[in-house]
Every structure is written in C-alpha cells, then in structure tokens.
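Below: the structure, in structure tokens.
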Amino acid sequence: MGNGIYISSPDSPFFKHLVKADLAKTKEDSKLALDESLHDALLVQSVLGHAQNGHKIFYREAKFPFATIADIITAADLDLTKIKNTRQQHIDEVFEWIELAKKDQTDRLIIRDKPLLGIEFLRGYRIDTEHALKGMALAGLMDNYQWRKKTTAKFVTTIHGRDLHIGGGETYLVDAEKLKQQYPFFVQDLASEEADDNKIDELRAKGLITTDDNPNAEVIYVRREKGLGTSDDTAFIMMGEMYKKKSWLKALSAFMGGFIVDGVDTYDKCTSRPVQGGYDEKIGLELRSAIPSLVTDDEVMTLIYYSAKSNGAKVVSSSHKRLIQIITDADPKLPALLHHHKFLDTERFAPFKIGFERLRSADFYAAVKEKMRHYRQHHP
C-alpha cells in the first residue's frame, strides 16, 4: 500500500485491519498503572494519533489524517456508546470528588473506594485538599487561549530575554453530521491553520459550531495561533515548585491535582456529554467562580509562562498514556509522572526517555531546573 494518505472509513477492511493490529500492539507495549477496564477507553486515543500520523502499525502502510476517535472505536469493533459512557463516568467522578474537596470532606484521591481516573498509584496519597484544588484550577486554565494571550502580554520575554510566543487554540462543539458534508481536509485545516474571529463567526453561521444540546455534537480543536504551546510535564513540576515553600504536602497536592485535570482533558475528547471548551476548562472556571481566592491571575499566568515550550531549553509534553506508563528501562521502574514527582522532591532523576520525542531525562530536567531557578529568583 505504501504510506500514502487515505480517507478513513470505519467499515474499510484495510482500515479495520490496521486499527485492530495497532490497538493490540499498543496494549502489548503499554504497561499502564491503570485499571484494566479502562485500557480500551484510553488507548483508542493513542491509536488515533498513530493513524493520523502514520506511526506504529500504520508506519509505511498508510496515514489517515482525517480519522476521528469514533472511527477508531468503530473500526476496532468496540461499543462506541459504552466507550463514551466509560470516559464520561470517570470525568463525572472527578467533578464529584471536587464537590467533596470543596467541603473539605476528603483527603484522598479516591471516590467510593476507587482511585480517580482509575489510576492505581493515586490510592497511596494523602493530600492537602486546598492545594489539590489549586493545581486543578491552574491545569484547567493553562490551555485557555485567552489566558495564554494575557501571559505573553504580561511577561513579554523568555527567561533568556527573547520575545515570548505561545501558540494555542480552542475546543468547540461541532455538528458531526454537518461536518461530514465538508471537504475532508476541513478538519485538518482547522487544527493546523490559524482561525481568526471572522472564521469562528463563519463556522457558527453555517451551523457547524453548535451547542451541547445537539445530539450530534462532537469536540473539535481549532487553532487560533501557530507556535509552540505548553509542556504538561513541566507544568506539574512547576505547580509543585510554586507551593513548595508552604510545605511538601501542599506542593505534592498541587502537582497531583494538575495531573488529574490533565487526564480529564484527555478523556473529554470523546464522551457522552461533550462540552464547549472541554471539561478541563470547565473545572478551572467553576473552581475560580466558587472559590475566587483559590488562585490569582498572577498564579495562572506564572504557571503558563514557566510551562511554555518556547521559554528556555527544549521540554516536551507527554500524553496522559505516557505519563501513567511504567518506564520499564528506568531504575526504579515507575510511571513517568512519578519520576517527575521524584525530581520535584529531590531534583534527582533516573536516565530514561520522555514523551513521544524521546527526550533524554537529563536534558528535560536540566531545562526544568533552569526554569525553577528563575522562578525562585523572581519569587523569593
């Protein structure tokens, strides 16, 4: 077949074969600290990335840049409604936990004896509720395009004195049925090309951007400004750094709170009740509304500033799957997130590769350490 570009069809035997083979291989290669019942619900998102970019089983076979996560689930002969409901359930449980935390009725990252998002290692942590919520609020707002614009206006230059630029976009609900009528490159263009306010107004006028009461509503990402975004891995560490002076427990709690909302941002790409802007942003906005003193504007912009990929030496952003995947060739054999936790605590690290880019941990942590030093100098 070669590695040409194809239009995806969940009924195509060729597409189905590649999807099923890739999902099986991804499961085999992914030793996850995750409840096994969630593996399919999470890993279909990895298969989507492979299909769109021609990676893993799709390498040298074909690229399907217009595939959707629903296409992947259907081609894998999984139950689309069940997968959506499973992902929605775990998001709903995070919101349920937040309500308990706001009333200071929990100090564990569990709900009804289950760890949040099915992540087994979370069972072992006690947290400071307020700072876990701080991390959640910060993570919920760090991807917001308007907050990124405010950040570049406030800080202007990087830690090395160069012009600061942070790319970004927004998620919208679109009518999936109307979207199918568009030329296939349409979705790809929205994700890669800049869309100004006039373009957004045009999409609304055509009925493509819709509301959450539309049964055909699906989530789509629209790029508003080109450029590097932020590093989630760096953000979690910086959240801890921002509160380390208060106590180690508070630093850890912010770190874990941010990570949980990043997981929500993964699962909300395919749910039974999608929302405009995503559930991560919903968490950030609702927490700030309910507890105005929880995080300040300066804290939000500071977190975005130090997490920006263009601010300093190279850093990467791991997917949720990679963060909870046990690094089998590292010592100790821990999920990547817990290696970040160890670095936050001790500034020591094991040699391993981080993210899809396989960045050496020595290079990644050196870049983060430089950001931490800069933060301490300017926030004594």
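Please note that chains go A, B, ... in the order of the structure tokens, that every chain numbers its residues from 1, and that ligands are numbered from 1 in the order shown.
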
Please report, as JSON lines, each residue of segment 245-333 of chain A lying at most 8 Å from segment 116-119 of chain A, together with the nearest pair of atoms and the separation in Å rounded to one decimal; use only C-alpha atoms, and order rows by chain and ascending residue number.
{"residue": "A:Ile260", "atom": "CA", "partner": "A:Leu117", "partner_atom": "CA", "distance": 7.5}
{"residue": "A:Gly263", "atom": "CA", "partner": "A:Leu117", "partner_atom": "CA", "distance": 7.4}
{"residue": "A:Ile324", "atom": "CA", "partner": "A:Ile119", "partner_atom": "CA", "distance": 7.7}

_Give me, as a VMD selection string, all polymer residues having an atom no more than 8 Å from Ala308 of chain A, counting only C-alpha atoms and skipping those fewer than 3 positions away in the same chain._
chain A and resid 166 228 to 231 304 to 305 311

Selected residues written out with N, CA and C atoms, as a PDB file, in the first residue's frame:
ATOM      1  N   ILE A 166       3.582  32.081  22.568  1.00  0.00           N
ATOM      2  CA  ILE A 166       2.930  30.820  22.939  1.00  0.00           C
ATOM      3  C   ILE A 166       1.755  30.596  21.991  1.00  0.00           C
ATOM      4  N   LEU A 228       4.596  27.010  19.407  1.00  0.00           N
ATOM      5  CA  LEU A 228       4.686  26.012  20.463  1.00  0.00           C
ATOM      6  C   LEU A 228       3.751  26.360  21.606  1.00  0.00           C
ATOM      7  N   GLY A 229       3.171  25.334  22.208  1.00  0.00           N
ATOM      8  CA  GLY A 229       2.265  25.540  23.332  1.00  0.00           C
ATOM      9  C   GLY A 229       2.969  25.397  24.659  1.00  0.00           C
ATOM     10  N   THR A 230       2.384  24.628  25.563  1.00  0.00           N
ATOM     11  CA  THR A 230       2.961  24.429  26.888  1.00  0.00           C
ATOM     12  C   THR A 230       3.258  22.944  27.101  1.00  0.00           C
ATOM     13  N   SER A 231       4.132  22.664  28.049  1.00  0.00           N
ATOM     14  CA  SER A 231       4.507  21.301  28.406  1.00  0.00           C
ATOM     15  C   SER A 231       3.773  20.893  29.664  1.00  0.00           C
ATOM     16  N   ILE A 304       1.616  29.339  33.295  1.00  0.00           N
ATOM     17  CA  ILE A 304       1.685  29.261  31.833  1.00  0.00           C
ATOM     18  C   ILE A 304       3.067  29.695  31.344  1.00  0.00           C
ATOM     19  N   TYR A 305       3.585  30.768  31.923  1.00  0.00           N
ATOM     20  CA  TYR A 305       4.884  31.301  31.500  1.00  0.00           C
ATOM     21  C   TYR A 305       5.988  30.257  31.648  1.00  0.00           C
ATOM     22  N   ASN A 311       9.918  28.857  26.132  1.00  0.00           N
ATOM     23  CA  ASN A 311      10.569  29.631  27.197  1.00  0.00           C
ATOM     24  C   ASN A 311      11.716  28.820  27.792  1.00  0.00           C
TER      25      ASN A 311
END

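DSSP on the backbone gives alpha helix (DSSP H) for these parts of segment 310-370 of chain A: A:His320, A:Lys321, A:Arg322, A:Leu323, A:Ala336, A:Leu337, A:Leu338, A:His339, A:His340, A:His341, A:Lys342, A:Phe343, A:Leu344, A:Asp345, A:Thr346, A:Ser361, A:Ala362, A:Asp363, A:Phe364, A:Tyr365, A:Ala366, A:Ala367, A:Val368, A:Lys369, A:Glu370.
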
*Write out as a ChimeraX atom specification each polymer residue whose atoms come within 12 Å of Leu109 of chain A, counting only C-alpha atoms; drop sequence neighbours fewer than 6 positions from it.*
/A:93-94,96-98,100-101,115-129,132-133,253,256-257,259-260

*Near Thr271 of chain A, counting only C-alpha atoms, which residues have an atom at most 10 Å away, once you skip same-chain residues fewer than 2 positions from it, shown as a list in words?*
Leu80, Thr81, Lys82, Ile83, Lys84, Asn85, Thr86, Arg87, Gln88, Gln89, Ile91, Glu218, Val219, Tyr267, Asp268, Lys269, Arg273, Pro274 and Val275 of chain A

Could you write out that same residue set with C-alpha atoms as a PDB file, in the first residue's frame?
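Resulting contents of part.pdb:
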ATOM      1  CA  LEU A  80     -18.860   3.441  20.830  1.00  0.00           C
ATOM      2  CA  THR A  81     -21.635   4.261  23.295  1.00  0.00           C
ATOM      3  CA  LYS A  82     -20.014   2.172  26.011  1.00  0.00           C
ATOM      4  CA  ILE A  83     -16.608   3.799  25.477  1.00  0.00           C
ATOM      5  CA  LYS A  84     -18.148   7.278  25.579  1.00  0.00           C
ATOM      6  CA  ASN A  85     -20.058   6.422  28.754  1.00  0.00           C
ATOM      7  CA  THR A  86     -16.951   4.974  30.415  1.00  0.00           C
ATOM      8  CA  ARG A  87     -14.918   8.080  29.692  1.00  0.00           C
ATOM      9  CA  GLN A  88     -17.800  10.306  30.842  1.00  0.00           C
ATOM     10  CA  GLN A  89     -18.174   8.345  34.084  1.00  0.00           C
ATOM     11  CA  ILE A  91     -14.856  12.662  34.322  1.00  0.00           C
ATOM     12  CA  GLU A 218     -18.599  16.333  18.943  1.00  0.00           C
ATOM     13  CA  VAL A 219     -15.429  18.067  20.129  1.00  0.00           C
ATOM     14  CA  TYR A 267     -10.908  11.696  28.230  1.00  0.00           C
ATOM     15  CA  ASP A 268     -13.128  14.642  27.296  1.00  0.00           C
ATOM     16  CA  LYS A 269     -12.248  14.295  23.603  1.00  0.00           C
ATOM     17  CA  ARG A 273     -21.879  14.693  27.077  1.00  0.00           C
ATOM     18  CA  PRO A 274     -19.214  16.849  25.372  1.00  0.00           C
ATOM     19  CA  VAL A 275     -18.938  20.477  26.479  1.00  0.00           C
TER      20      VAL A 275
END

Excluding same-chain residues fewer than 2 positions from Glu193 of chain A, what lies within 12 Å of it counting only C-alpha atoms, as an mmCIF file with N, CA and C atoms, in the first residue's frame?
data_model
loop_
_atom_site.group_PDB
_atom_site.id
_atom_site.type_symbol
_atom_site.label_atom_id
_atom_site.label_comp_id
_atom_site.auth_asym_id
_atom_site.auth_seq_id
_atom_site.Cartn_x
_atom_site.Cartn_y
_atom_site.Cartn_z
ATOM 1 N N GLY A 167 1.803 29.510 21.242
ATOM 2 C CA GLY A 167 0.694 29.182 20.359
ATOM 3 C C GLY A 167 -0.464 28.604 21.150
ATOM 4 N N GLY A 168 -1.590 28.455 20.483
ATOM 5 C CA GLY A 168 -2.740 27.889 21.188
ATOM 6 C C GLY A 168 -3.980 27.837 20.338
ATOM 7 N N GLY A 169 -5.003 27.268 20.905
ATOM 8 C CA GLY A 169 -6.276 27.150 20.205
ATOM 9 C C GLY A 169 -7.402 26.943 21.191
ATOM 10 N N PHE A 185 -10.357 17.730 4.092
ATOM 11 C CA PHE A 185 -9.237 18.494 4.639
ATOM 12 C C PHE A 185 -9.698 19.572 5.632
ATOM 13 N N PHE A 186 -10.986 19.791 5.708
ATOM 14 C CA PHE A 186 -11.529 20.871 6.515
ATOM 15 C C PHE A 186 -11.098 20.756 7.986
ATOM 16 N N VAL A 187 -11.284 19.574 8.574
ATOM 17 C CA VAL A 187 -10.952 19.390 9.985
ATOM 18 C C VAL A 187 -9.453 19.562 10.203
ATOM 19 N N GLN A 188 -8.654 18.980 9.315
ATOM 20 C CA GLN A 188 -7.202 19.082 9.427
ATOM 21 C C GLN A 188 -6.750 20.534 9.353
ATOM 22 N N ASP A 189 -7.376 21.307 8.469
ATOM 23 C CA ASP A 189 -7.020 22.718 8.326
ATOM 24 C C ASP A 189 -7.345 23.503 9.589
ATOM 25 N N LEU A 190 -8.487 23.190 10.214
ATOM 26 C CA LEU A 190 -8.863 23.899 11.428
ATOM 27 C C LEU A 190 -7.846 23.654 12.545
ATOM 28 N N ALA A 191 -7.291 22.454 12.588
ATOM 29 C CA ALA A 191 -6.334 22.117 13.640
ATOM 30 C C ALA A 191 -4.958 22.711 13.383
ATOM 31 N N ALA A 195 -7.249 30.280 12.831
ATOM 32 C CA ALA A 195 -8.626 30.728 12.600
ATOM 33 C C ALA A 195 -8.857 32.005 13.405
ATOM 34 N N ASP A 196 -9.178 33.097 12.709
ATOM 35 C CA ASP A 196 -9.442 34.351 13.414
ATOM 36 C C ASP A 196 -10.911 34.405 13.832
ATOM 37 N N LYS A 199 -13.441 33.765 11.122
ATOM 38 C CA LYS A 199 -13.598 32.358 10.767
ATOM 39 C C LYS A 199 -14.530 31.660 11.751
ATOM 40 N N TYR A 221 -10.810 20.610 17.757
ATOM 41 C CA TYR A 221 -9.821 21.605 18.149
ATOM 42 C C TYR A 221 -9.624 22.586 17.000
ATOM 43 N N VAL A 222 -9.672 23.871 17.309
ATOM 44 C CA VAL A 222 -9.473 24.925 16.320
ATOM 45 C C VAL A 222 -8.263 25.754 16.739
ATOM 46 N N ARG A 223 -7.247 25.771 15.893
ATOM 47 C CA ARG A 223 -6.041 26.536 16.214
ATOM 48 C C ARG A 223 -6.320 28.024 16.020
ATOM 49 N N ARG A 224 -5.966 28.815 17.037
ATOM 50 C CA ARG A 224 -6.136 30.265 16.944
ATOM 51 C C ARG A 224 -4.819 30.967 16.642
ATOM 52 N N GLU A 225 -3.708 30.360 17.062
ATOM 53 C CA GLU A 225 -2.408 30.978 16.818
ATOM 54 C C GLU A 225 -1.342 29.890 16.717
ATOM 55 N N LYS A 226 -0.539 29.954 15.665
ATOM 56 C CA LYS A 226 0.521 28.968 15.483
ATOM 57 C C LYS A 226 1.642 29.195 16.497
ATOM 58 N N GLY A 227 2.397 28.137 16.731
ATOM 59 C CA GLY A 227 3.518 28.244 17.651
ATOM 60 C C GLY A 227 3.489 27.149 18.689
#

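Considering only C-alpha atoms, the residue among A:Ser9, A:Gln52, A:Ser319, A:Thr234 positioned nearest to Asp265 of chain A is A:Ser319.
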
Tell me, as a PDB file with C-alpha atoms, in the first residue's frame, which residues lie within 7 Å of segment 366-379 of chain A, counting only C-alpha atoms; anything in the same chain fewer than 3 positions away does not count.
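So selection-v1.pdb came out as:
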ATOM      1  CA  THR A 234       6.823  20.904  33.101  1.00  0.00           C
ATOM      2  CA  TYR A 306       7.155  28.683  33.049  1.00  0.00           C
ATOM      3  CA  GLY A 312      14.064  28.205  27.672  1.00  0.00           C
ATOM      4  CA  ALA A 313      15.693  24.958  26.567  1.00  0.00           C
ATOM      5  CA  LYS A 314      13.649  22.210  24.978  1.00  0.00           C
ATOM      6  CA  VAL A 315      10.942  20.493  27.018  1.00  0.00           C
ATOM      7  CA  ALA A 362      18.915  14.633  31.705  1.00  0.00           C
ATOM      8  CA  ASP A 363      18.083  17.269  29.081  1.00  0.00           C
TER       9      ASP A 363
END

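Distance-wise, atom CA of Glu170 of chain A and atom CA of Leu359 of chain A end up 27.2 Å apart.
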
_Of the listed residues A:Leu34, A:Leu23, A:Ile111, A:Ala251, that which approaches Lys134 of chain A most closely, counting only C-alpha atoms_ = A:Ala251

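For Phe64 of chain A, the list of residues within 6 Å, based on only C-alpha atoms and with local chain neighbours fewer than 6 positions off taken out, reads Ile5, Tyr6, Ile7, Ser8, Ala51 and Gln52 of chain A.
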
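Minimum distance to Ala330 of chain A across A:Pro351, A:Asp197, A:Asp298, A:Lys342 (counting only C-alpha atoms) occurs at A:Pro351.
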
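Using only C-alpha atoms, the nearest neighbour of Phe14 of chain A within the list A:Glu61, A:Asp113, A:Asp29, A:Glu36 is A:Glu61.
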
Residues of segment 78-146 of chain A within 7 Å of segment 282-290 of chain A: nearest atom pair and distance (Å, one decimal) for each, counting only C-alpha atoms, sorted by chain and number, as a Markdown table?
| residue | atom | partner | partner_atom | distance |
| --- | --- | --- | --- | --- |
| A:Met136 | CA | A:Gly284 | CA | 6.7 |
| A:Ala137 | CA | A:Gly284 | CA | 4.1 |
| A:Leu138 | CA | A:Gly284 | CA | 6.6 |
| A:Gly140 | CA | A:Gly284 | CA | 4.1 |
| A:Leu141 | CA | A:Gly284 | CA | 5.4 |

Written file, previous selection with N, CA and C atoms, as a PDB file, in the first residue's frame:
ATOM      1  N   MET A 136      -5.699  21.833  40.279  1.00  0.00           N
ATOM      2  CA  MET A 136      -6.779  21.569  39.319  1.00  0.00           C
ATOM      3  C   MET A 136      -7.195  22.847  38.596  1.00  0.00           C
ATOM      4  N   ALA A 137      -7.332  23.927  39.340  1.00  0.00           N
ATOM      5  CA  ALA A 137      -7.727  25.196  38.732  1.00  0.00           C
ATOM      6  C   ALA A 137      -6.671  25.676  37.742  1.00  0.00           C
ATOM      7  N   LEU A 138      -5.407  25.578  38.134  1.00  0.00           N
ATOM      8  CA  LEU A 138      -4.320  26.013  37.250  1.00  0.00           C
ATOM      9  C   LEU A 138      -4.285  25.170  35.970  1.00  0.00           C
ATOM     10  N   GLY A 140      -6.701  23.576  34.667  1.00  0.00           N
ATOM     11  CA  GLY A 140      -7.908  23.828  33.895  1.00  0.00           C
ATOM     12  C   GLY A 140      -7.856  25.097  33.075  1.00  0.00           C
ATOM     13  N   LEU A 141      -6.959  26.013  33.442  1.00  0.00           N
ATOM     14  CA  LEU A 141      -6.883  27.295  32.739  1.00  0.00           C
ATOM     15  C   LEU A 141      -5.638  27.443  31.870  1.00  0.00           C
TER      16      LEU A 141
END

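For the set A:Leu48, A:Leu43, A:Ile57, A:Leu208, the residue with the smallest atom-to-atom gap to Asp22 of chain A is A:Ile57, counting only C-alpha atoms.
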
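Note that the spacing between atom CA of Leu179 of chain A and atom CA of Pro215 of chain A amounts to 13.6 Å.
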
*Closest of A:Thr68, A:Ser318, A:Asn216, A:Thr74 to Asp11 of chain A - atom-to-atom distances counting only C-alpha atoms*: A:Thr74

*asked:* According to DSSP computed on the backbone, where in segment 5-235 of chain A is there strand (DSSP E or B)? Give the residues as JSON, numbers by chain.
replied: {"A": [5, 32, 34, 62, 63, 108, 110, 111, 114, 115, 119, 126, 157, 163, 168, 169, 170, 171, 172, 173, 174, 175, 209, 217, 218, 219, 220, 221, 222, 223, 224, 225, 230]}
